[in-house]
file upload30.cif (mmCIF, C-alpha atoms)
data_structure
#
loop_
_atom_site.label_atom_id
_atom_site.label_comp_id
_atom_site.auth_asym_id
_atom_site.auth_seq_id
_atom_site.Cartn_x
_atom_site.Cartn_y
_atom_site.Cartn_z
CA MET E 1110 31.69 30.33 44.25
CA ALA E 1111 30.63 33.94 44.00
CA ASN E 1112 27.73 32.78 41.92
CA ARG E 1113 26.58 30.36 44.56
CA ARG E 1114 26.90 32.97 47.24
CA SER E 1115 24.81 35.45 45.30
CA SER E 1116 22.17 32.85 44.62
CA LYS E 1117 22.08 32.05 48.33
CA LEU E 1118 21.66 35.73 49.02
CA LEU E 1119 18.89 35.91 46.45
CA LEU E 1120 17.16 32.97 48.12
CA LEU E 1121 17.45 34.63 51.52
CA VAL E 1122 16.07 37.90 50.22
CA THR E 1123 13.23 36.08 48.49
CA LEU E 1124 12.37 34.19 51.66
CA CYS E 1125 12.44 37.37 53.70
CA ILE E 1126 10.15 39.15 51.29
CA SER E 1127 7.74 36.28 50.79
CA SER E 1128 7.50 35.56 54.50
CA THR E 1129 6.38 39.06 55.36
CA ARG E 1130 3.78 39.51 52.65
CA VAL E 1131 0.21 38.52 53.23
CA TRP E 1132 -1.59 39.76 50.19
CA SER E 1133 -5.04 38.84 51.38
CA LEU E 1134 -5.09 41.31 54.27
CA TRP E 1135 -6.05 44.93 53.88
CA PRO E 1136 -5.39 47.16 55.69
CA ILE E 1137 -2.08 45.52 56.59
CA PRO E 1138 -1.96 44.89 60.36
CA THR E 1139 0.36 47.22 62.27
CA ALA E 1140 2.47 44.26 63.44
CA LEU E 1141 2.44 41.09 61.37
CA GLN E 1142 4.77 38.13 61.80
CA THR E 1143 4.43 35.05 59.66
CA GLY E 1144 6.31 31.80 59.22
CA GLN E 1145 6.61 29.29 56.41
CA THR E 1146 4.76 26.30 57.76
CA GLY E 1147 1.58 24.84 56.34
CA LEU E 1148 -1.47 24.62 58.59
CA THR E 1149 -4.94 23.41 57.70
CA LEU E 1150 -8.27 24.34 59.17
CA SER E 1151 -9.83 21.25 60.70
CA PRO E 1152 -13.21 20.23 59.22
CA SER E 1153 -14.43 20.28 62.83
CA PHE E 1154 -12.86 23.67 63.53
CA ASN E 1155 -14.78 25.66 66.13
CA PHE E 1156 -14.70 28.94 67.98
CA ASP E 1157 -14.24 28.92 71.74
CA VAL E 1158 -15.98 32.08 72.94
CA ALA E 1159 -14.43 32.62 76.35
CA VAL E 1160 -16.31 35.85 76.99
CA PRO E 1161 -18.65 35.87 80.01
CA ASN E 1162 -22.28 36.38 78.94
CA PRO E 1163 -21.34 36.97 75.29
CA PRO E 1164 -23.55 39.55 73.55
CA VAL E 1165 -25.82 38.21 70.81
CA ASP E 1166 -24.12 40.22 68.07
CA LEU E 1167 -20.72 38.77 69.02
CA LEU E 1168 -22.14 35.27 68.64
CA GLN E 1169 -23.66 36.31 65.30
CA ALA E 1170 -20.25 37.59 64.20
CA VAL E 1171 -18.73 34.22 65.11
CA ILE E 1172 -21.39 32.37 63.11
CA GLU E 1173 -20.78 34.71 60.17
CA THR E 1174 -17.02 34.12 60.32
CA GLN E 1175 -17.62 30.37 60.38
CA PHE E 1176 -19.81 30.82 57.29
CA TYR E 1177 -17.08 32.72 55.44
CA LEU E 1178 -14.48 30.11 56.38
CA GLU E 1179 -16.65 27.35 55.00
CA ASN E 1180 -17.93 29.12 51.91
CA ASP E 1181 -15.36 31.63 50.65
CA LYS E 1182 -13.22 28.91 49.01
CA LEU E 1183 -10.67 31.44 47.87
CA GLY E 1184 -8.01 29.88 45.66
CA ARG E 1185 -4.56 31.42 45.86
CA LEU E 1186 -3.95 33.70 42.90
CA VAL E 1187 -1.03 31.72 41.50
CA VAL E 1188 -0.61 29.28 38.63
CA GLY E 1189 -2.58 26.18 39.61
CA ARG E 1190 -4.63 28.14 42.17
CA GLY E 1191 -2.77 26.44 45.01
CA ALA E 1192 -2.03 23.04 43.45
CA ASN E 1193 1.66 23.61 44.17
CA ASP E 1194 0.98 24.20 47.87
CA SER E 1195 0.25 20.52 48.42
CA SER E 1196 3.83 19.83 49.54
CA ALA E 1197 3.39 22.35 52.36
CA VAL E 1198 -0.14 21.24 53.17
CA ASP E 1199 0.30 17.46 53.09
CA GLY E 1200 1.12 16.36 56.59
CA ALA E 1201 0.50 19.84 57.96
CA LYS E 1202 -0.99 20.11 61.42
CA SER E 1203 -4.65 20.98 61.73
CA LEU E 1204 -6.06 23.91 63.66
CA GLN E 1205 -8.97 22.81 65.85
CA SER E 1206 -10.12 26.01 67.48
CA LEU E 1207 -9.76 29.73 68.01
CA LYS E 1208 -10.28 31.07 71.51
CA LEU E 1209 -11.85 34.52 71.82
CA SER E 1210 -11.32 36.44 75.03
CA LEU E 1211 -11.32 39.98 76.34
CA THR E 1212 -8.37 41.38 78.24
CA GLU E 1213 -8.50 41.27 82.03
CA GLY E 1214 -10.96 43.79 83.41
CA ALA E 1215 -12.53 44.70 80.07
CA GLU E 1216 -16.24 45.43 80.20
CA VAL E 1217 -18.44 43.15 78.10
CA GLN E 1218 -20.64 45.23 75.82
CA SER E 1219 -22.33 44.43 72.53
CA ILE E 1220 -20.51 45.15 69.28
CA SER E 1221 -23.28 47.58 68.31
CA PHE E 1222 -22.69 49.51 71.54
CA GLU E 1223 -18.92 49.64 70.99
CA SER E 1224 -19.13 50.55 67.30
CA VAL E 1225 -21.09 53.77 67.77
CA LYS E 1226 -18.91 55.19 70.52
CA PRO E 1227 -17.13 58.44 69.62
CA LEU E 1228 -14.21 57.65 67.28
CA GLU E 1229 -11.56 58.56 69.86
CA THR E 1230 -12.94 56.15 72.44
CA ARG E 1231 -13.60 53.19 70.16
CA SER E 1232 -11.30 50.29 70.92
CA GLU E 1233 -10.64 48.29 67.75
CA GLU E 1234 -7.23 46.82 68.51
CA TYR E 1235 -6.69 43.10 68.89
CA THR E 1236 -4.02 40.43 69.13
CA LEU E 1237 -4.27 37.27 67.04
CA THR E 1238 -1.91 34.33 67.47
CA ILE E 1239 -2.01 31.20 65.34
CA PRO E 1240 0.62 28.58 66.26
CA GLU E 1241 1.92 26.26 63.54
CA ASP E 1242 1.62 23.09 65.63
CA GLY E 1243 -2.18 22.89 65.58
CA SER E 1244 -2.58 24.04 69.17
CA GLU E 1245 -5.36 26.50 69.94
CA ALA E 1246 -5.20 29.89 68.26
CA THR E 1247 -6.03 32.89 70.42
CA LEU E 1248 -7.70 36.21 69.79
CA THR E 1249 -7.76 38.84 72.52
CA ALA E 1250 -9.03 42.42 72.53
CA ASN E 1251 -10.13 45.19 74.86
CA SER E 1252 -13.65 45.19 73.42
CA THR E 1253 -16.04 43.04 71.44
CA LEU E 1254 -15.43 45.42 68.52
CA GLY E 1255 -11.75 44.50 68.65
CA LEU E 1256 -12.74 40.84 68.63
CA TYR E 1257 -14.84 41.50 65.54
CA ARG E 1258 -11.87 43.11 63.76
CA GLY E 1259 -9.75 40.10 64.69
CA LEU E 1260 -12.40 37.71 63.38
CA THR E 1261 -12.37 39.61 60.08
CA THR E 1262 -8.60 39.22 59.85
CA PHE E 1263 -8.78 35.56 60.82
CA SER E 1264 -11.30 34.83 58.07
CA GLN E 1265 -9.03 36.43 55.46
CA LEU E 1266 -5.93 34.32 56.19
CA TRP E 1267 -7.08 31.12 54.51
CA TYR E 1268 -6.93 29.66 51.04
CA TYR E 1269 -8.81 26.72 49.63
CA TYR E 1270 -7.71 23.99 47.31
CA ASN E 1271 -9.11 20.55 46.66
CA GLY E 1272 -11.33 20.37 49.71
CA VAL E 1273 -8.75 21.75 52.13
CA THR E 1274 -8.75 25.18 53.78
CA TYR E 1275 -5.17 26.05 54.59
CA THR E 1276 -2.44 28.61 55.07
CA ILE E 1277 1.24 28.25 54.23
CA ILE E 1278 2.50 31.03 56.48
CA ALA E 1279 2.02 29.64 59.98
CA PRO E 1280 2.83 30.58 62.66
CA ILE E 1281 1.04 33.91 62.43
CA ASN E 1282 1.31 36.63 65.07
CA ILE E 1283 -0.68 39.80 64.62
CA VAL E 1284 -1.03 42.86 66.81
CA ASP E 1285 -3.32 45.29 65.07
CA ALA E 1286 -4.82 48.71 65.69
CA PRO E 1287 -6.32 51.28 63.33
CA ALA E 1288 -3.61 53.32 61.62
CA TYR E 1289 -5.94 56.31 61.51
CA VAL E 1290 -8.88 57.33 63.62
CA SER E 1291 -10.62 58.40 60.44
CA MET E 1292 -9.84 58.08 56.76
CA SER E 1293 -12.28 59.16 54.13
CA PHE E 1294 -13.37 57.91 50.79
CA LEU E 1295 -15.83 60.25 49.17
CA GLU E 1296 -18.21 59.22 46.47
CA ARG E 1297 -20.02 62.08 44.81
CA ARG E 1298 -21.35 62.47 41.33
CA SER E 1299 -22.52 65.37 39.21
CA GLU E 1300 -22.56 67.99 41.86
CA ALA E 1301 -20.57 71.15 41.58
CA GLN E 1302 -21.97 73.11 44.42
CA THR E 1303 -21.04 73.38 48.04
CA ASP E 1304 -21.81 70.48 50.29
CA THR E 1305 -24.86 71.00 52.47
CA GLN E 1306 -24.75 68.23 54.99
CA MET E 1307 -27.51 67.55 57.44
CA MET I 628 -12.04 55.47 58.29
CA PHE I 629 -15.24 56.29 56.50
CA ILE I 630 -17.08 56.19 53.24
CA CYS I 631 -19.42 58.88 52.03
CA ILE I 632 -22.33 57.89 49.87
CA THR I 633 -24.18 60.62 48.06
CA PRO I 634 -27.52 59.38 46.87
CA VAL I 635 -28.86 62.85 46.22
CA SER I 636 -27.99 62.81 42.56
CA TYR I 637 -29.18 59.27 41.97
CA SER I 638 -30.82 56.83 44.29
CA PHE I 639 -29.45 53.69 45.94
CA PRO I 640 -31.82 50.93 47.01
CA VAL I 641 -31.37 49.87 50.64
CA GLU I 642 -29.81 46.53 49.58
CA ASP I 643 -27.03 48.45 47.79
CA LEU I 644 -26.30 50.31 51.00
CA THR I 645 -26.14 47.17 53.12
CA ARG I 646 -23.93 45.49 50.52
CA THR I 647 -21.59 48.48 50.71
CA LEU I 648 -21.60 48.19 54.51
CA ASP I 649 -20.62 44.52 54.20
CA ALA I 650 -17.65 45.39 51.99
CA MET I 651 -16.63 48.22 54.32
CA SER I 652 -16.41 45.85 57.27
CA TRP I 653 -14.11 43.51 55.32
CA VAL I 654 -11.54 46.30 55.08
CA LYS I 655 -12.27 47.55 58.62
CA LEU I 656 -13.73 50.93 57.72
CA ASN I 657 -15.56 52.30 60.72
CA THR I 658 -17.78 55.17 59.65
CA PHE I 659 -20.36 55.40 56.93
CA HIS I 660 -21.12 58.93 55.87
CA TRP I 661 -24.63 58.97 54.48
CA HIS I 662 -25.09 62.18 52.58
CA ILE I 663 -28.78 61.68 52.22
CA THR I 664 -30.24 65.03 51.23
CA ASP I 665 -29.18 68.00 49.16
CA SER I 666 -30.65 70.53 46.76
CA GLN I 667 -30.64 67.98 43.89
CA SER I 668 -33.03 65.62 45.63
CA PHE I 669 -34.57 64.94 49.00
CA PRO I 670 -35.23 61.20 49.22
CA LEU I 671 -35.55 61.15 53.02
CA GLU I 672 -39.07 60.95 54.42
CA VAL I 673 -39.43 63.32 57.34
CA PHE I 674 -42.51 62.66 59.44
CA GLU I 675 -43.33 66.31 60.18
CA TYR I 676 -42.65 67.47 56.62
CA PRO I 677 -43.88 64.79 54.22
CA GLU I 678 -43.97 67.25 51.31
CA LEU I 679 -40.14 67.35 51.28
CA ALA I 680 -39.83 63.78 50.07
CA GLN I 681 -43.05 63.98 48.06
CA ASN I 682 -41.64 66.80 45.97
CA GLY I 683 -37.93 66.21 46.45
CA ALA I 684 -37.44 62.56 45.53
CA TYR I 685 -36.96 61.39 41.96
CA SER I 686 -40.02 59.19 42.33
CA PRO I 687 -42.30 58.06 45.16
CA GLN I 688 -40.48 54.71 45.03
CA GLU I 689 -37.03 56.23 45.43
CA VAL I 690 -37.34 57.36 49.03
CA TYR I 691 -35.85 56.24 52.33
CA SER I 692 -38.57 55.77 54.93
CA ALA I 693 -37.90 56.13 58.64
CA SER I 694 -37.88 52.34 58.96
CA ASP I 695 -35.36 52.10 56.08
CA VAL I 696 -33.06 54.49 57.92
CA GLN I 697 -33.55 52.64 61.20
CA TYR I 698 -32.75 49.37 59.47
CA VAL I 699 -29.58 50.69 57.83
CA VAL I 700 -28.37 52.26 61.11
CA SER I 701 -28.93 49.09 63.13
CA TYR I 702 -27.48 46.90 60.37
CA ALA I 703 -24.38 49.05 60.30
CA ALA I 704 -23.91 49.05 64.07
CA ALA I 705 -24.86 45.51 64.92
CA VAL I 706 -23.81 43.52 61.93
CA ARG I 707 -21.02 45.52 60.35
CA THR I 708 -19.60 47.50 63.26
CA LEU I 709 -19.94 50.92 61.73
CA SER I 710 -21.46 54.10 62.95
CA ILE I 711 -23.46 56.27 60.60
CA LEU I 712 -22.83 59.95 60.12
CA PRO I 713 -25.74 61.71 58.48
#
call {"tool": "encode", "arguments": {"input": "upload30.cif", "output": "structure tokens"}}
result
Amino acid sequence: MANRRSSKLLLLVTLCISSTRVWSLWPIPTALQTGQTGLTLSPSFNFDVAVPNPPVDLLQAVIETQFYLENDKLGRLVVGRGANDSSAVDGAKSLQSLKLSLTEGAEVQSISFESVKPLETRSEEYTLTIPEDGSEATLTANSTLGLYRGLTTFSQLWYYYNGVTYTIIAPINIVDAPAYVSMSFLERRSEAQTDTQM
Amino acid sequence: MFICITPVSYSFPVEDLTRTLDAMSWVKLNTFHWHITDSQSFPLEVFEYPELAQNGAYSPQEVYSASDVQYVVSYAAAVRTLSILP
């Protein structure tokens, strides 16, 4: 009896751990909720850009995301590269579209305008919601730059196996914002002297 | 979040820079620190002082022209959502 209880506990702990890990995302979103339902990306999946007069570079970002979704074909890094996910994926609902919109009252500017604003005034946060029942996913942000960050996250949630692009962690709810205004990675070689920056 | 590239001690072709910018956007880095000149080499062509790059670059091929810089800056802002810090 004690044995069964401990194995139940182990199962619960395992489920808790596995349901909160999404290894494909980095940096990890500030708030990330995932489920355990399979969801496939419809072959006719499309983006619904509900932004008035969308800037050209936002539309380019959408096209680029579509390209990654169709061509990345990332197999899950497990034995079988996802062959064992078929039980979750067979009969899973299919996601038809992702709706992009800005929050009420947000000004529509190009991504290139938003991305060169001073660091403190850049708005990169976004909210991404992907239901497990195949109904429309939504991405909202205060700026087109936030939408771009959300598109990047969206494109990194999917695996591919045997002609199907899928996830096994629907529903997915993400509220994300940069953890740091600035974080540096410095690449320098063979210089010992003081930095003289322009 | 930013990355600093120091091409002064060896040179990066423009395609290497744009490829780095691509990868930076995938992990949501937002600033590219382009440490373009230093005492070791001066691969940046400056219109008023052409002799800087003529004498400072490793070779006449290993220089960044004004249009190269313009291209990298616009690529970073428009396509990869990064600003560039010289």
call {"tool": "resolve_selection", "arguments": {"input": "upload30.cif", "expression": "the PyMOL selection byres ((chain E and resi 1154) around 9)", "output": "list of chain:residue names"}}
result
E:Leu1150, E:Ser1151, E:Pro1152, E:Ser1153, E:Asn1155, E:Phe1156, E:Gln1175, E:Ser1203, E:Leu1204, E:Gln1205, E:Ser1206, E:Leu1207
call {"tool": "atom_distance", "arguments": {"input": "upload30.cif", "atom1": "CA of Leu671 in chain I", "atom2": "CA of Asp695 in chain I"}}
result
9.6 Å
call {"tool": "residues_around", "arguments": {"input": "upload30.cif", "residues": "Gln681 in chain I", "least_positions_apart": "4", "cutoff": "12 Å", "atoms": "all atoms listed in the file", "output": "ChimeraX atom specification"}}
result
/I:668-674,676-677,685-692
call {"tool": "residues_around", "arguments": {"input": "upload30.cif", "residues": "Trp1132 in chain E", "least_positions_apart": "4", "cutoff": "10 Å", "atoms": "all atoms listed in the file", "output": "PyMOL selection string"}}
result
chain E and resi 1127+1136-1137+1185-1186+1265-1266
call {"tool": "axis_aligned_box", "arguments": {"input": "upload30.cif", "around": "range 1242-1257 of chain E", "padding_each_side": "6 Å", "output": "lines of an AutoDock Vina configuration file"}}
result
center_x = -7.2
center_y = 34.2
center_z = 70.2
size_x = 29.7
size_y = 34.5
size_z = 21.3
call {"tool": "build_atoms", "arguments": {"input": "upload30.cif", "residues": "range 652-669 of chain I", "atoms": "N, CA and C atoms", "output": "PDB file, in the frame of the given file"}}
result
ATOM      1  N   SER I 652     -16.875  46.575  56.072  1.00  0.00           N
ATOM      2  CA  SER I 652     -16.410  45.850  57.270  1.00  0.00           C
ATOM      3  C   SER I 652     -15.240  44.922  56.928  1.00  0.00           C
ATOM      4  N   TRP I 653     -15.205  44.417  55.694  1.00  0.00           N
ATOM      5  CA  TRP I 653     -14.110  43.510  55.320  1.00  0.00           C
ATOM      6  C   TRP I 653     -12.768  44.228  55.289  1.00  0.00           C
ATOM      7  N   VAL I 654     -12.801  45.542  55.062  1.00  0.00           N
ATOM      8  CA  VAL I 654     -11.540  46.300  55.080  1.00  0.00           C
ATOM      9  C   VAL I 654     -11.496  47.230  56.297  1.00  0.00           C
ATOM     10  N   LYS I 655     -12.324  46.921  57.297  1.00  0.00           N
ATOM     11  CA  LYS I 655     -12.270  47.550  58.620  1.00  0.00           C
ATOM     12  C   LYS I 655     -12.525  49.055  58.601  1.00  0.00           C
ATOM     13  N   LEU I 656     -13.312  49.521  57.660  1.00  0.00           N
ATOM     14  CA  LEU I 656     -13.730  50.930  57.720  1.00  0.00           C
ATOM     15  C   LEU I 656     -14.734  51.061  58.857  1.00  0.00           C
ATOM     16  N   ASN I 657     -14.733  52.233  59.518  1.00  0.00           N
ATOM     17  CA  ASN I 657     -15.560  52.300  60.720  1.00  0.00           C
ATOM     18  C   ASN I 657     -16.625  53.390  60.726  1.00  0.00           C
ATOM     19  N   THR I 658     -16.724  54.153  59.676  1.00  0.00           N
ATOM     20  CA  THR I 658     -17.780  55.170  59.650  1.00  0.00           C
ATOM     21  C   THR I 658     -18.371  55.263  58.239  1.00  0.00           C
ATOM     22  N   PHE I 659     -19.669  55.278  58.204  1.00  0.00           N
ATOM     23  CA  PHE I 659     -20.360  55.400  56.930  1.00  0.00           C
ATOM     24  C   PHE I 659     -21.024  56.770  56.886  1.00  0.00           C
ATOM     25  N   HIS I 660     -20.603  57.570  55.970  1.00  0.00           N
ATOM     26  CA  HIS I 660     -21.120  58.930  55.870  1.00  0.00           C
ATOM     27  C   HIS I 660     -22.246  58.958  54.845  1.00  0.00           C
ATOM     28  N   TRP I 661     -23.448  59.073  55.354  1.00  0.00           N
ATOM     29  CA  TRP I 661     -24.630  58.970  54.480  1.00  0.00           C
ATOM     30  C   TRP I 661     -25.119  60.368  54.143  1.00  0.00           C
ATOM     31  N   HIS I 662     -24.691  60.852  53.039  1.00  0.00           N
ATOM     32  CA  HIS I 662     -25.090  62.180  52.580  1.00  0.00           C
ATOM     33  C   HIS I 662     -26.443  62.033  51.880  1.00  0.00           C
ATOM     34  N   ILE I 663     -27.484  62.163  52.684  1.00  0.00           N
ATOM     35  CA  ILE I 663     -28.780  61.680  52.220  1.00  0.00           C
ATOM     36  C   ILE I 663     -29.634  62.743  51.531  1.00  0.00           C
ATOM     37  N   THR I 664     -29.414  63.998  51.861  1.00  0.00           N
ATOM     38  CA  THR I 664     -30.240  65.030  51.230  1.00  0.00           C
ATOM     39  C   THR I 664     -29.371  66.178  50.722  1.00  0.00           C
ATOM     40  N   ASP I 665     -29.860  66.824  49.704  1.00  0.00           N
ATOM     41  CA  ASP I 665     -29.180  68.000  49.160  1.00  0.00           C
ATOM     42  C   ASP I 665     -30.171  68.719  48.250  1.00  0.00           C
ATOM     43  N   SER I 666     -29.718  69.778  47.593  1.00  0.00           N
ATOM     44  CA  SER I 666     -30.650  70.530  46.760  1.00  0.00           C
ATOM     45  C   SER I 666     -31.110  69.735  45.529  1.00  0.00           C
ATOM     46  N   GLN I 667     -30.280  68.748  45.084  1.00  0.00           N
ATOM     47  CA  GLN I 667     -30.640  67.980  43.890  1.00  0.00           C
ATOM     48  C   GLN I 667     -31.817  67.036  44.123  1.00  0.00           C
ATOM     49  N   SER I 668     -31.874  66.453  45.311  1.00  0.00           N
ATOM     50  CA  SER I 668     -33.030  65.620  45.630  1.00  0.00           C
ATOM     51  C   SER I 668     -33.142  65.469  47.129  1.00  0.00           C
ATOM     52  N   PHE I 669     -34.329  65.109  47.569  1.00  0.00           N
ATOM     53  CA  PHE I 669     -34.570  64.940  49.000  1.00  0.00           C
ATOM     54  C   PHE I 669     -35.300  63.627  49.198  1.00  0.00           C
TER      55      PHE I 669
END
